[in-house]
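Here's the structure, in structure tokens; my notes come after.
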Amino acid sequence: MEEISGYNITQNEFKQLNQRVENIYNMSVVVGYFCQNQPEIEELYNLTPIIKNLRKDADFLNAFFINFDNSD
């Protein structure tokens with residue numbers, strides 16, 4: 001069991017969380033790119049700052065898991 005910030009998780013749970021974080025990061029990259037390249041659509045233009053913040057947070061989490069990934 002790994003202890004990360006006071007939580008005990010198994011290696012399998014760690015891998016599942018890592019995969020989910022990676023998926024969220026990848027989706028935020030794609031959605032951010034799409035929103036930035038469609039500025040004429042007002043709704044997408046308004047979503048761009050939200051997507052930027054989501055991507056920043058997802059990037060932080062992804063980096064956290066990359067740095068602690070000690071899989072075999």
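Residue numbering restarts at 1 for every chain of the structure tokens, chains are lettered A, B, ... in their displayed order, and ligands are numbered from 1 as they appear.
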_I want to know what sits within 8 Å of Tyr25 (chain A), based on only C-alpha atoms, with residues of the same chain fewer than 4 positions away left out; could you give that as a list in words?_
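Near Tyr25 (chain A), the qualifying residues are Val21, Val29, Arg55, Ala58, Asp59 and Asn62 of chain A.
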*asked:* I need the residues in chain A that are alpha helix (DSSP H) according to DSSP; give them as a ChimeraX atom specification.
replied: /A:11-36,42-68
_Selection near Leu44 (chain A), 12 Å with only C-alpha atoms, sequence-local residues under 4 positions removed, as a list in words_ = Val31, Gly32, Tyr33, Phe34, Cys35, Gln36, Asn37, Gln38, Pro39, Glu40, Thr48, Pro49, Ile50 and Ile51 of chain A
Store the residues picked out above, limited to C-alpha atoms, as a PDB file, in the first residue's frame.
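out.pdb written:
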ATOM      1  CA  VAL A  31     -11.130  20.814 -25.636  1.00  0.00           C
ATOM      2  CA  GLY A  32      -8.838  23.786 -24.943  1.00  0.00           C
ATOM      3  CA  TYR A  33      -7.359  23.587 -28.418  1.00  0.00           C
ATOM      4  CA  PHE A  34     -10.824  23.400 -29.964  1.00  0.00           C
ATOM      5  CA  CYS A  35     -12.110  26.376 -27.939  1.00  0.00           C
ATOM      6  CA  GLN A  36      -9.087  28.515 -28.777  1.00  0.00           C
ATOM      7  CA  ASN A  37      -9.469  27.846 -32.491  1.00  0.00           C
ATOM      8  CA  GLN A  38     -13.182  28.682 -32.631  1.00  0.00           C
ATOM      9  CA  PRO A  39     -13.253  32.258 -31.228  1.00  0.00           C
ATOM     10  CA  GLU A  40     -16.154  33.252 -33.481  1.00  0.00           C
ATOM     11  CA  THR A  48     -11.851  29.152 -22.876  1.00  0.00           C
ATOM     12  CA  PRO A  49     -10.793  30.578 -19.452  1.00  0.00           C
ATOM     13  CA  ILE A  50     -12.577  27.733 -17.661  1.00  0.00           C
ATOM     14  CA  ILE A  51     -10.823  25.161 -19.823  1.00  0.00           C
TER      15      ILE A  51
END
*DSSP strand (DSSP E) residues within chain A, listed as a PyMOL selection string*: chain A and resi 2-4+7-9
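The closest residue to Arg20 (chain A), picked from A:Glu43, A:Lys56, A:Leu61, A:Phe68 and counting only C-alpha atoms, is A:Leu61.
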*Nearest to Phe64 (chain A): which of A:Val30, A:Leu17, A:Ile9, A:Asn23 is it, counting only C-alpha atoms?*
A:Leu17
